[in-house]
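**Q** Dropping a structure here in C-alpha cells format, bear with me for questions.
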Amino acid sequence: MGLQFYDTRARCKRDFEPLQDGRISLYTCGVTVYDRCHVGHARSLIFFDTVARYLRWRGWDVCFVRNITDIDDKIIARAAENGEPWQDLTARFIDSMHADLDRLGCERPDVEPRATEHIEEMLELVARLEEQGLAYAVGDGDVYFSVGDWPAYGALSGRRLDELQAGARVEVDDRKKGPMDFALWKSSKPGEPCWPSQWGEGRPGWHLECSAMSARYLGRPFDIHGGGEDLIFPHHENELAQSCGAAEGEEFARYWMHHAFVRIDHEKMSKSLGNVFAIEDVLKEVEAEGLRLHLLSTHYRSPLDFSPDGIDESTRALLRVYETIARADEAGAVDPGFDFDSPETARLVELMDDDFNTARAIALAFDAMRDCNRELDAGNLRAASTARGILAAVGAGVGLFEQDPATYLSDYRERAAQSGGVDAGLVEELVAARVQARTDKDFQKADTLRDQLVEMGVVLEDGPGGTSWKLER
RNA sequence: GGCGGCGUGCCCAAGUGGUUAAGGGAGAGGUCUGCAAAACCUCCAUUCAGCGGUUCGAAUCCGCUCGCCGCCUCCA
C-alpha cells in the first residue's frame, strides 16, 4: 500500500503516483491579504503544512508553493477605506500572516509567490487564451474567458453549464458572451493600481495568478493542488479551464485536495458572516500548539466547530504529552529516531497514507504516550525509548510535540500563572516552605501550606526530583 | 431550483461490509503516596438520527423521513 487520498475531481480516493519519481510538486491557495488571518485560514495553513511535512518525512522531495494574493478588489477597497497605499496594507497583513504561521508551527513553503510579481506571466497567459479563441476583450479593456467555448468546463466541480443558471443570484454583465464568463484582465479606474498591457492599463482577474504562478514554479502538469472547499467553484474550476485552455488541453493539476471549513455554531466562519476569530486574538486565550493539535484532531474533510473549550481539551492532552517527554528525557529514555521505513513507524505510515488521517495518527501518539509512561513506571528504559520514538515520529510527520519539553512546561506554567493572576514568586516561597516542613516531618504544617496553595489554584507534585507545581485549569 | 456533505457514548472525535465500535476531555473505582498530585490499571455506546430494504453479515450499501450545513456571489 502506498499513499492514497481523496481527489476532488475523481470524487474518490486515488493511489498517489508522483509525476517524477521521488519528487512531489504541491500548490495551495494561500490568503488574500486585506485583513488578519482567522481560524479558518489556520486550518488551511496547518493542514497543508502537515501534508508537506508528512510527504517529506515520508521520503519525498517536495516543492511546496503557496501563493499570496496581494491585488484584488477587496484590497483596493480596504486601502481606500484606510486612506493608505494598497502596498502598505498588503505588506502589513503579509507580516501578520507570517507571524501567525510561525506561532502555529508552520514551516514556510518553498516558494511564496505574490500575484503582483507575476503580472507578465499572467498577461502571456491571457494572450495565449486569446490566440486560442478562448478569450475576448470588451469595451474599455476588460478581457473575459469564454466558458461556452471550453467544453470541459465544470469537470472539477461536477457542474454542468446549463445547470449553473448564472444570474440567479448575480446581475449578469451584458457585455459578456456567456453568463459564466469570468474576467482575466480588468481595466482600472483612475487612481486604482494598474499595470500596462496590450488591452490597456488594468489588473489581473482573481483566478489568473494561480494558473500563472503554478506553471512558473512547478511546471505543467504538477502533482497536487489544494485549497479550501469553497475554492472548488468557481476559483479552481476557472483556473483549470484557463490553464488547460492556454495549453491546448494539456493537463494541469493531477490531484485536487480540498479541506472542509471551520464553523461557528454550525455555520461557516467567514468574513461576510462576520463571525470570524482572528488567529492573533484566539492565541491570546489559547495556546498555539493546542490549537494546532485541536485542528488536526478532526479529519481534514470534515467540518470542525470552533470552540475555545475544545482547544482547552486538546491543550490538556498536549500537556500530558510534554510531561511524558520530559519524564522520558529525565529518565534517559532517548528517542531512537525512527525513520518512515522503520518497522516501528509502519502503523503511522499506514494511517497517514490513508488520506492523511491525522486524527488517527494523533491517537497513535496518545497510545505511545501511555506505553512510554507505563514502561517508565516499570523501569524498562529500552521499551520506553521505543514508545518515545513513536511519539517523536508522529510529531515529526504531523508537526507536533517538537518543542523542548522543559521550555514548554515552564512557558505553560508562566502563562497559566499570568492568566490566573497568580504571583509565581509567592508560590515558590510557599512551595519552599512546604518542602522544608516535609523535611521536618511536620506534615500538619505541610498540609496547611498545601491548602493555601490549592486555594490559589496551584497543584503540587512531589516527585523523585523534588516538588514541582502547576496551575490547575 | 441544481449539486454536495453531515447526524457515532456526557462533550470532542476515528471508523465507511466481517473477530471485543479507535483516541482525547470529563466522570467513577483501584494501585502508588505521610496526605496529595502525576503516572498506571479498571469501568463508562449490544450500539452508530428514525424507519424500511439488500446481504450469511451494515454504523458502513440502497430507499424514504426528520434535523443540520456547504457550494452555485467574494470567501480557507
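Ordering of the C-alpha cells sets the chain letters (A, B, ...), residue numbers begin anew at 1 in every chain, and ligands are numbered from 1 in the order given.
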Taking a cut-off of 7 Å and counting only C-alpha atoms (C1' of nucleotides), can you build a table that, for each residue of chain A near chain B, reports the nearest atom pair and how far apart they are in Å (one decimal), sorted by chain then residue number, as CSV?

**A**
residue,atom,partner,partner_atom,distance
A:Gly40,CA,B:A76,C1',5.4
A:His41,CA,B:A76,C1',4.6
A:Ser44,CA,B:A76,C1',5.5
A:Arg159,CA,B:C3,C1',6.8
A:Glu163,CA,B:G2,C1',5.8
A:Leu164,CA,B:C72,C1',6.5
A:Arg169,CA,B:U73,C1',6.8
A:Val170,CA,B:U73,C1',6.3
A:Gly227,CA,B:A76,C1',6.7
A:Gly228,CA,B:A76,C1',4.7
A:Asp230,CA,B:C71,C1',6.5
A:His266,CA,B:C69,C1',6.7
A:Glu267,CA,B:C69,C1',6.9
A:Ser270,CA,B:C75,C1',6.7
A:Thr298,CA,B:A13,C1',6.7
A:Gly310,CA,B:C12,C1',6.7
A:Glu313,CA,B:G25,C1',5.3
A:Ala317,CA,B:G24,C1',6.8
A:Ala359,CA,B:A14,C1',6.6
A:Arg360,CA,B:A14,C1',6.3
A:Ala363,CA,B:G23,C1',4.4
A:Asn373,CA,B:A39,C1',6.6
A:Arg374,CA,B:C40,C1',6.1
A:Phe443,CA,B:G34,C1',7.0
A:Val459,CA,B:A37,C1',6.6
A:Leu460,CA,B:A37,C1',5.7
A:Glu461,CA,B:A37,C1',4.8

**Q** Atom CA of Leu348 of chain A and atom C1' of G9 of chain B, how far apart in Å?

**A**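 Between atom C1' of G9 of chain B and atom CA of Leu348 of chain A the gap works out to 26.5 Å.
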
**Q** Taking into account only C-alpha atoms, which residue in the set A:Leu273, A:Val62, A:Met97, A:Leu364 is nearest to Gly395 of chain A?

**A**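 Residue with the minimum atom-to-atom distance to Gly395 of chain A: A:Leu364.
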
**Q** Determine the nearest neighbour of Ser25 of chain A from the options A:Phe222, A:Tyr144, A:Trp199, A:Tyr153, counting only C-alpha atoms.

**A** A:Phe222

**Q** Please measure the separation of atom CA of Gly249 of chain A and atom CA of Trp150 of chain A, giving the value in Å to one decimal.

**A**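 Atom-to-atom, atom CA of Gly249 of chain A and atom CA of Trp150 of chain A are spaced 9.7 Å apart.
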
**Q** Using only C-alpha atoms, find the one residue out of A:Cys37, A:Leu400, A:Ile71, A:Met456 that sits nearest to Gly202 of chain A.

**A**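 Looking at the shortest contact to Gly202 of chain A, the residue is A:Ile71.
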
**Q** Segment 165-331 of chain A: which residues are strand (DSSP E) by DSSP, as a count of residues only?

**A** 30

**Q** Leaving out Arg327 of chain A and any residue of its chain fewer than 5 positions from it, which residues lie within 9 Å of it when counting only C-alpha atoms (C1' of nucleotides), given as number ranges by chain?

**A** A: 322, 332-333, 373, 376

**Q** Excluding same-chain residues fewer than 4 positions from segment 112-121 of chain A, what lies within 8 Å of it counting only C-alpha atoms (C1' of nucleotides), as a ChimeraX atom specification?

**A** /A:65-71,125,195,204,209,212-213,216

**Q** Atoms to include: C-alpha atoms. Write the selected residues as an mmCIF file, in the first residue's frame.

**A**
data_model
loop_
_atom_site.group_PDB
_atom_site.id
_atom_site.type_symbol
_atom_site.label_atom_id
_atom_site.label_comp_id
_atom_site.auth_asym_id
_atom_site.auth_seq_id
_atom_site.Cartn_x
_atom_site.Cartn_y
_atom_site.Cartn_z
ATOM 1 C CA VAL A 65 4.266 26.586 -3.380
ATOM 2 C CA ARG A 66 1.640 28.695 -1.647
ATOM 3 C CA ASN A 67 0.613 31.944 -3.206
ATOM 4 C CA ILE A 68 -0.215 35.279 -1.684
ATOM 5 C CA THR A 69 -2.973 37.239 -3.374
ATOM 6 C CA ASP A 70 -1.858 40.811 -2.958
ATOM 7 C CA ILE A 71 -4.045 42.524 -5.506
ATOM 8 C CA LEU A 125 -1.491 33.553 -20.444
ATOM 9 C CA TRP A 195 -0.184 47.581 -14.928
ATOM 10 C CA PRO A 204 -5.395 40.629 -13.390
ATOM 11 C CA GLU A 209 -2.482 34.268 -10.705
ATOM 12 C CA ALA A 212 0.461 31.583 -13.948
ATOM 13 C CA MET A 213 2.395 31.005 -10.756
ATOM 14 C CA ARG A 216 6.076 29.172 -13.346
#

**Q** Rank B:U31, B:G18, B:G7, B:C62 by their smallest atom-to-atom distance to G50 of chain B, using only C-alpha atoms (C1' of nucleotides), and report the top residue only.

**A**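 Of B:U31, B:G18, B:G7, B:C62, the one nearest G50 of chain B, counting only C-alpha atoms (C1' of nucleotides), is B:G7.
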
**Q** Pull the alpha helix (DSSP H) assignments for segment 302-344 of chain A out of DSSP run on the backbone, and list those residues as a list of chain:residue names.

**A**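 Of segment 302-344 of chain A, only A:Pro308, A:Asp309, A:Gly310, A:Ile311, A:Asp312, A:Glu313, A:Ser314, A:Thr315, A:Arg316, A:Ala317, A:Leu318, A:Leu319, A:Arg320, A:Val321, A:Tyr322, A:Glu323, A:Thr324, A:Ile325, A:Ala326, A:Arg327, A:Ala328, A:Asp329, A:Glu330, A:Ala331 fall in alpha helix (DSSP H).
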
**Q** Counting only C-alpha atoms, which of A:Arg160, A:Arg43, A:Lys470, A:Arg23 gets nearest to Gly59 of chain A?

**A** A:Arg23

**Q** Pick out the residues sitting within 12 Å of Arg438 of chain A, and hand them over as a PyMOL selection string; count only C-alpha atoms (C1' of nucleotides), and ignore anything fewer than 2 positions along from it in its own chain.

**A** (chain A and resi 431-436+440-450+462+466-467) or (chain B and resi 34-35)

**Q** Residues of the last selection are to be written out with N, CA and C atoms (P, O5', C5', C4', C3', O3' and C1' of nucleotides), as a PDB file, in the first residue's frame.

**A**
ATOM      1  N   VAL A 431       5.916  26.991  48.317  1.00  0.00           N
ATOM      2  CA  VAL A 431       6.354  25.634  47.987  1.00  0.00           C
ATOM      3  C   VAL A 431       7.625  25.298  48.767  1.00  0.00           C
ATOM      4  N   ALA A 432       8.531  26.249  48.804  1.00  0.00           N
ATOM      5  CA  ALA A 432       9.787  26.011  49.515  1.00  0.00           C
ATOM      6  C   ALA A 432       9.536  25.778  51.004  1.00  0.00           C
ATOM      7  N   ALA A 433       8.619  26.570  51.548  1.00  0.00           N
ATOM      8  CA  ALA A 433       8.291  26.422  52.969  1.00  0.00           C
ATOM      9  C   ALA A 433       7.705  25.040  53.240  1.00  0.00           C
ATOM     10  N   ARG A 434       6.876  24.583  52.302  1.00  0.00           N
ATOM     11  CA  ARG A 434       6.248  23.281  52.497  1.00  0.00           C
ATOM     12  C   ARG A 434       7.291  22.160  52.381  1.00  0.00           C
ATOM     13  N   VAL A 435       8.226  22.334  51.451  1.00  0.00           N
ATOM     14  CA  VAL A 435       9.276  21.335  51.296  1.00  0.00           C
ATOM     15  C   VAL A 435      10.058  21.214  52.612  1.00  0.00           C
ATOM     16  N   GLN A 436      10.329  22.365  53.205  1.00  0.00           N
ATOM     17  CA  GLN A 436      11.046  22.362  54.482  1.00  0.00           C
ATOM     18  C   GLN A 436      10.219  21.643  55.555  1.00  0.00           C
ATOM     19  N   ASP A 440      11.064  18.324  57.727  1.00  0.00           N
ATOM     20  CA  ASP A 440      10.986  18.282  59.189  1.00  0.00           C
ATOM     21  C   ASP A 440       9.922  17.309  59.680  1.00  0.00           C
ATOM     22  N   LYS A 441       9.256  16.676  58.752  1.00  0.00           N
ATOM     23  CA  LYS A 441       8.153  15.752  59.069  1.00  0.00           C
ATOM     24  C   LYS A 441       6.998  16.466  59.775  1.00  0.00           C
ATOM     25  N   ASP A 442       6.917  17.741  59.549  1.00  0.00           N
ATOM     26  CA  ASP A 442       5.793  18.496  60.116  1.00  0.00           C
ATOM     27  C   ASP A 442       4.675  18.513  59.080  1.00  0.00           C
ATOM     28  N   PHE A 443       3.991  17.369  58.988  1.00  0.00           N
ATOM     29  CA  PHE A 443       3.011  17.199  57.923  1.00  0.00           C
ATOM     30  C   PHE A 443       1.795  18.095  58.080  1.00  0.00           C
ATOM     31  N   GLN A 444       1.501  18.449  59.308  1.00  0.00           N
ATOM     32  CA  GLN A 444       0.357  19.329  59.515  1.00  0.00           C
ATOM     33  C   GLN A 444       0.624  20.682  58.872  1.00  0.00           C
ATOM     34  N   LYS A 445       1.825  21.184  59.098  1.00  0.00           N
ATOM     35  CA  LYS A 445       2.192  22.463  58.513  1.00  0.00           C
ATOM     36  C   LYS A 445       2.246  22.348  56.989  1.00  0.00           C
ATOM     37  N   ALA A 446       2.792  21.232  56.521  1.00  0.00           N
ATOM     38  CA  ALA A 446       2.891  21.000  55.079  1.00  0.00           C
ATOM     39  C   ALA A 446       1.510  21.031  54.438  1.00  0.00           C
ATOM     40  N   ASP A 447       0.560  20.391  55.113  1.00  0.00           N
ATOM     41  CA  ASP A 447      -0.796  20.329  54.561  1.00  0.00           C
ATOM     42  C   ASP A 447      -1.474  21.689  54.582  1.00  0.00           C
ATOM     43  N   THR A 448      -1.198  22.453  55.630  1.00  0.00           N
ATOM     44  CA  THR A 448      -1.768  23.800  55.698  1.00  0.00           C
ATOM     45  C   THR A 448      -1.266  24.637  54.527  1.00  0.00           C
ATOM     46  N   LEU A 449       0.035  24.504  54.286  1.00  0.00           N
ATOM     47  CA  LEU A 449       0.619  25.244  53.172  1.00  0.00           C
ATOM     48  C   LEU A 449       0.031  24.790  51.841  1.00  0.00           C
ATOM     49  N   ARG A 450      -0.178  23.491  51.741  1.00  0.00           N
ATOM     50  CA  ARG A 450      -0.761  22.978  50.505  1.00  0.00           C
ATOM     51  C   ARG A 450      -2.177  23.531  50.321  1.00  0.00           C
ATOM     52  N   ASP A 462       4.875  16.036  44.158  1.00  0.00           N
ATOM     53  CA  ASP A 462       6.105  15.627  44.831  1.00  0.00           C
ATOM     54  C   ASP A 462       6.696  14.467  44.049  1.00  0.00           C
ATOM     55  N   GLY A 466      12.155  16.225  43.281  1.00  0.00           N
ATOM     56  CA  GLY A 466      11.743  17.397  44.038  1.00  0.00           C
ATOM     57  C   GLY A 466      10.275  17.708  43.806  1.00  0.00           C
ATOM     58  N   THR A 467       9.857  18.852  44.306  1.00  0.00           N
ATOM     59  CA  THR A 467       8.454  19.235  44.192  1.00  0.00           C
ATOM     60  C   THR A 467       8.272  20.248  43.068  1.00  0.00           C
TER      61      THR A 467
ATOM     62  P     G B  34       5.302   8.009  51.459  1.00  0.00           P
ATOM     63  O5'   G B  34       4.074   8.398  52.390  1.00  0.00           O
ATOM     64  C5'   G B  34       3.881   7.715  53.614  1.00  0.00           C
ATOM     65  C4'   G B  34       3.039   8.549  54.531  1.00  0.00           C
ATOM     66  C3'   G B  34       1.746   9.114  53.939  1.00  0.00           C
ATOM     67  O3'   G B  34       0.727   8.142  53.954  1.00  0.00           O
ATOM     68  C1'   G B  34       2.857  10.796  55.160  1.00  0.00           C
ATOM     69  P     C B  35      -0.185   7.960  52.696  1.00  0.00           P
ATOM     70  O5'   C B  35      -0.942   9.355  52.618  1.00  0.00           O
ATOM     71  C5'   C B  35      -1.990   9.659  53.539  1.00  0.00           C
ATOM     72  C4'   C B  35      -2.471  11.058  53.310  1.00  0.00           C
ATOM     73  C3'   C B  35      -2.984  11.345  51.908  1.00  0.00           C
ATOM     74  O3'   C B  35      -4.310  10.891  51.753  1.00  0.00           O
ATOM     75  C1'   C B  35      -1.611  13.118  52.640  1.00  0.00           C
TER      76        C B  35
END
